Amino acid sequence: MDRFASLTAFVGVVDTGGFSAAARRLNMSTTMVSNHVQALEDRLGVRLLNRTTRKVSLTEIGKTYYERSAQILAELEQADDIAGALQATPRGTLRVHSATHMVPFIAPVVTRLLSAHPDLKVELMMGETSVDLIDEGFDVALRMTTPSDSSLIVRNLATWRHVLCCSLGYTETHGRVQELAELSDRNCVRHVNYPFGDEWRFVHRDGHKASVRIAGNLVSNSGEALRRAALDGVGIVLAAGFLVSDDLEAGRLVRLLPHYRPVELSMIAVYPHRHHVSAKVRVFIDMLVQHSAEQQKLIDPYA
């Protein structure tokens, strides 16, 4: 049997939850869908689905195979559409969900996008919690960390680093941090979505990796709240460079331990694999990539 058709049938069964529903979506008979999946399992020599009279579920191998197959099919769909889509004019409404503290960085891109494409509208929503892009109708979400949902397509926009800093008043009261290990005895305010939890990770200028376990009296999902706390002398913060660049330049905040660079992270755009990349999403992401390159020193002060 055609391998592409078998992959499509298999992904359709998983997405819809059954052979009959997949058959209706794919305009095939239920028997044909079942035959395609069986042919795929026979070719691989593994069972991908557990079948009962009431439900279909993925085996452990099937889960891994599904995640990759869904992405392959999405990429093939994009390849089919790209020639015409490249010429399409972005129009309609682009619904974007962004981490709140990223908004100051992406706002210039949104205004540039609207100026360049007057037929386009943008709905920009903010929040630190993950959203279901399909259920909530978003075209793209922008995040500073990779989501756990492997069914999403991830596009890297830029690399970035935090800045370790505090207020001058904090150093005057508590003394300036001289060694990384000292952070474990200081009040460190932390973002709830920091990917390594209470373990702050760094790279020394000589290349060796280092980390320190921290604690503090403030954990927040708001980068702006943590910035404000640092300005008020509450404690030490790892903050995105574009959030604190003006404060550092004005001397309201001071950088600590410059011989240690916080580990490199990725600024990403995510979108559902079931949606091919429309012109409005592609143009927006391309503008974000260009803006990120132009502002690399801002998002990675150690670059």
# chains A, B, ... in the order shown; residues from 1 in each chain; ligands from 1
$ residues_around --residues "segment 165-174 of chain A" --least-positions-apart "5" --cutoff "12 Å" --atoms "only C-alpha atoms" --output "ChimeraX atom specification"
/A:182-183,185-189,226-241,243-245,247-248,250-258,260-262
$ select_by_dssp --residues "segment 12-174 of chain A" --states "helix (DSSP H, G or I)" --output "number ranges by chain"
A: 12-16, 19-26, 30-44, 60-85, 100-116, 168-174
$ residues_around --residues "Met126 of chain A" --least-positions-apart "6" --cutoff "10 Å" --atoms "only C-alpha atoms" --output "ChimeraX atom specification"
/A:96-103,141-142
$ atom_distance --atom1 "atom CA of Ile106 of chain A" --atom2 "atom CA of Glu199 of chain A"
28.3 Å
$ residues_around --residues "segment 38-54 of chain A" --least-positions-apart "5" --cutoff "9 Å" --atoms "only C-alpha atoms" --output "VMD selection string"
chain A and resid 1 3 6 to 7 10 14 33 59 to 63 65 to 66
$ closest_residue --among "A:Leu265, A:Met144, A:Leu94, A:Ala5" --to "Phe284 of chain A" --atoms "only C-alpha atoms"
A:Leu94
$ decode --residues "segment 162-189 of chain A" --atoms "N, CA and C atoms" --output "tab-separated table (two decimals), in the first residue's frame"
chain	number	residue	atom	x	y	z
A	162	HIS	N	19.56	35.32	30.13
A	162	HIS	CA	19.21	36.19	31.24
A	162	HIS	C	20.40	37.09	31.60
A	163	VAL	N	20.11	38.09	32.41
A	163	VAL	CA	21.14	38.91	33.04
A	163	VAL	C	20.98	38.76	34.55
A	164	LEU	N	22.07	38.45	35.22
A	164	LEU	CA	22.05	38.37	36.68
A	164	LEU	C	22.29	39.77	37.24
A	165	CYS	N	21.33	40.29	37.98
A	165	CYS	CA	21.46	41.69	38.41
A	165	CYS	C	20.67	41.95	39.68
A	166	CYS	N	20.93	43.12	40.25
A	166	CYS	CA	20.20	43.58	41.43
A	166	CYS	C	20.35	45.10	41.50
A	167	SER	N	19.68	45.71	42.44
A	167	SER	CA	19.78	47.16	42.57
A	167	SER	C	21.08	47.54	43.29
A	168	LEU	N	21.53	48.76	43.05
A	168	LEU	CA	22.70	49.26	43.76
A	168	LEU	C	22.43	49.30	45.26
A	169	GLY	N	21.20	49.63	45.63
A	169	GLY	CA	20.83	49.66	47.04
A	169	GLY	C	20.98	48.29	47.70
A	170	TYR	N	20.65	47.23	46.96
A	170	TYR	CA	20.80	45.88	47.52
A	170	TYR	C	22.27	45.59	47.81
A	171	THR	N	23.16	45.96	46.90
A	171	THR	CA	24.59	45.70	47.13
A	171	THR	C	25.12	46.53	48.30
A	172	GLU	N	24.59	47.74	48.47
A	172	GLU	CA	25.04	48.57	49.58
A	172	GLU	C	24.60	48.00	50.92
A	173	THR	N	23.43	47.35	50.93
A	173	THR	CA	22.91	46.78	52.18
A	173	THR	C	23.50	45.41	52.48
A	174	HIS	N	23.63	44.59	51.46
A	174	HIS	CA	24.02	43.20	51.67
A	174	HIS	C	25.43	42.86	51.16
A	175	GLY	N	26.05	43.80	50.48
A	175	GLY	CA	27.37	43.52	49.91
A	175	GLY	C	27.25	42.93	48.52
A	176	ARG	N	28.27	43.14	47.70
A	176	ARG	CA	28.24	42.65	46.32
A	176	ARG	C	28.64	41.18	46.28
A	177	VAL	N	27.94	40.42	45.49
A	177	VAL	CA	28.25	39.00	45.32
A	177	VAL	C	29.57	38.87	44.58
A	178	GLN	N	30.49	38.09	45.14
A	178	GLN	CA	31.82	37.91	44.54
A	178	GLN	C	31.98	36.54	43.89
A	179	GLU	N	31.28	35.53	44.44
A	179	GLU	CA	31.39	34.17	43.94
A	179	GLU	C	30.00	33.58	43.70
A	180	LEU	N	29.91	32.67	42.74
A	180	LEU	CA	28.61	32.08	42.39
A	180	LEU	C	27.96	31.40	43.58
A	181	ALA	N	28.76	30.70	44.40
A	181	ALA	CA	28.20	29.96	45.54
A	181	ALA	C	27.49	30.87	46.52
A	182	GLU	N	27.85	32.16	46.54
A	182	GLU	CA	27.22	33.09	47.47
A	182	GLU	C	25.74	33.28	47.19
A	183	LEU	N	25.31	33.02	45.96
A	183	LEU	CA	23.90	33.19	45.62
A	183	LEU	C	22.99	32.30	46.46
A	184	SER	N	23.51	31.17	46.92
A	184	SER	CA	22.67	30.27	47.72
A	184	SER	C	22.31	30.87	49.07
A	185	ASP	N	23.07	31.89	49.50
A	185	ASP	CA	22.78	32.55	50.78
A	185	ASP	C	22.08	33.89	50.60
A	186	ARG	N	21.75	34.25	49.37
A	186	ARG	CA	21.09	35.53	49.10
A	186	ARG	C	19.61	35.30	48.79
A	187	ASN	N	18.84	36.38	48.87
A	187	ASN	CA	17.43	36.32	48.49
A	187	ASN	C	17.34	36.47	46.97
A	188	CYS	N	17.02	35.39	46.30
A	188	CYS	CA	16.94	35.38	44.83
A	188	CYS	C	15.49	35.24	44.41
A	189	VAL	N	14.99	36.21	43.67
A	189	VAL	CA	13.60	36.16	43.20
A	189	VAL	C	13.59	35.45	41.85
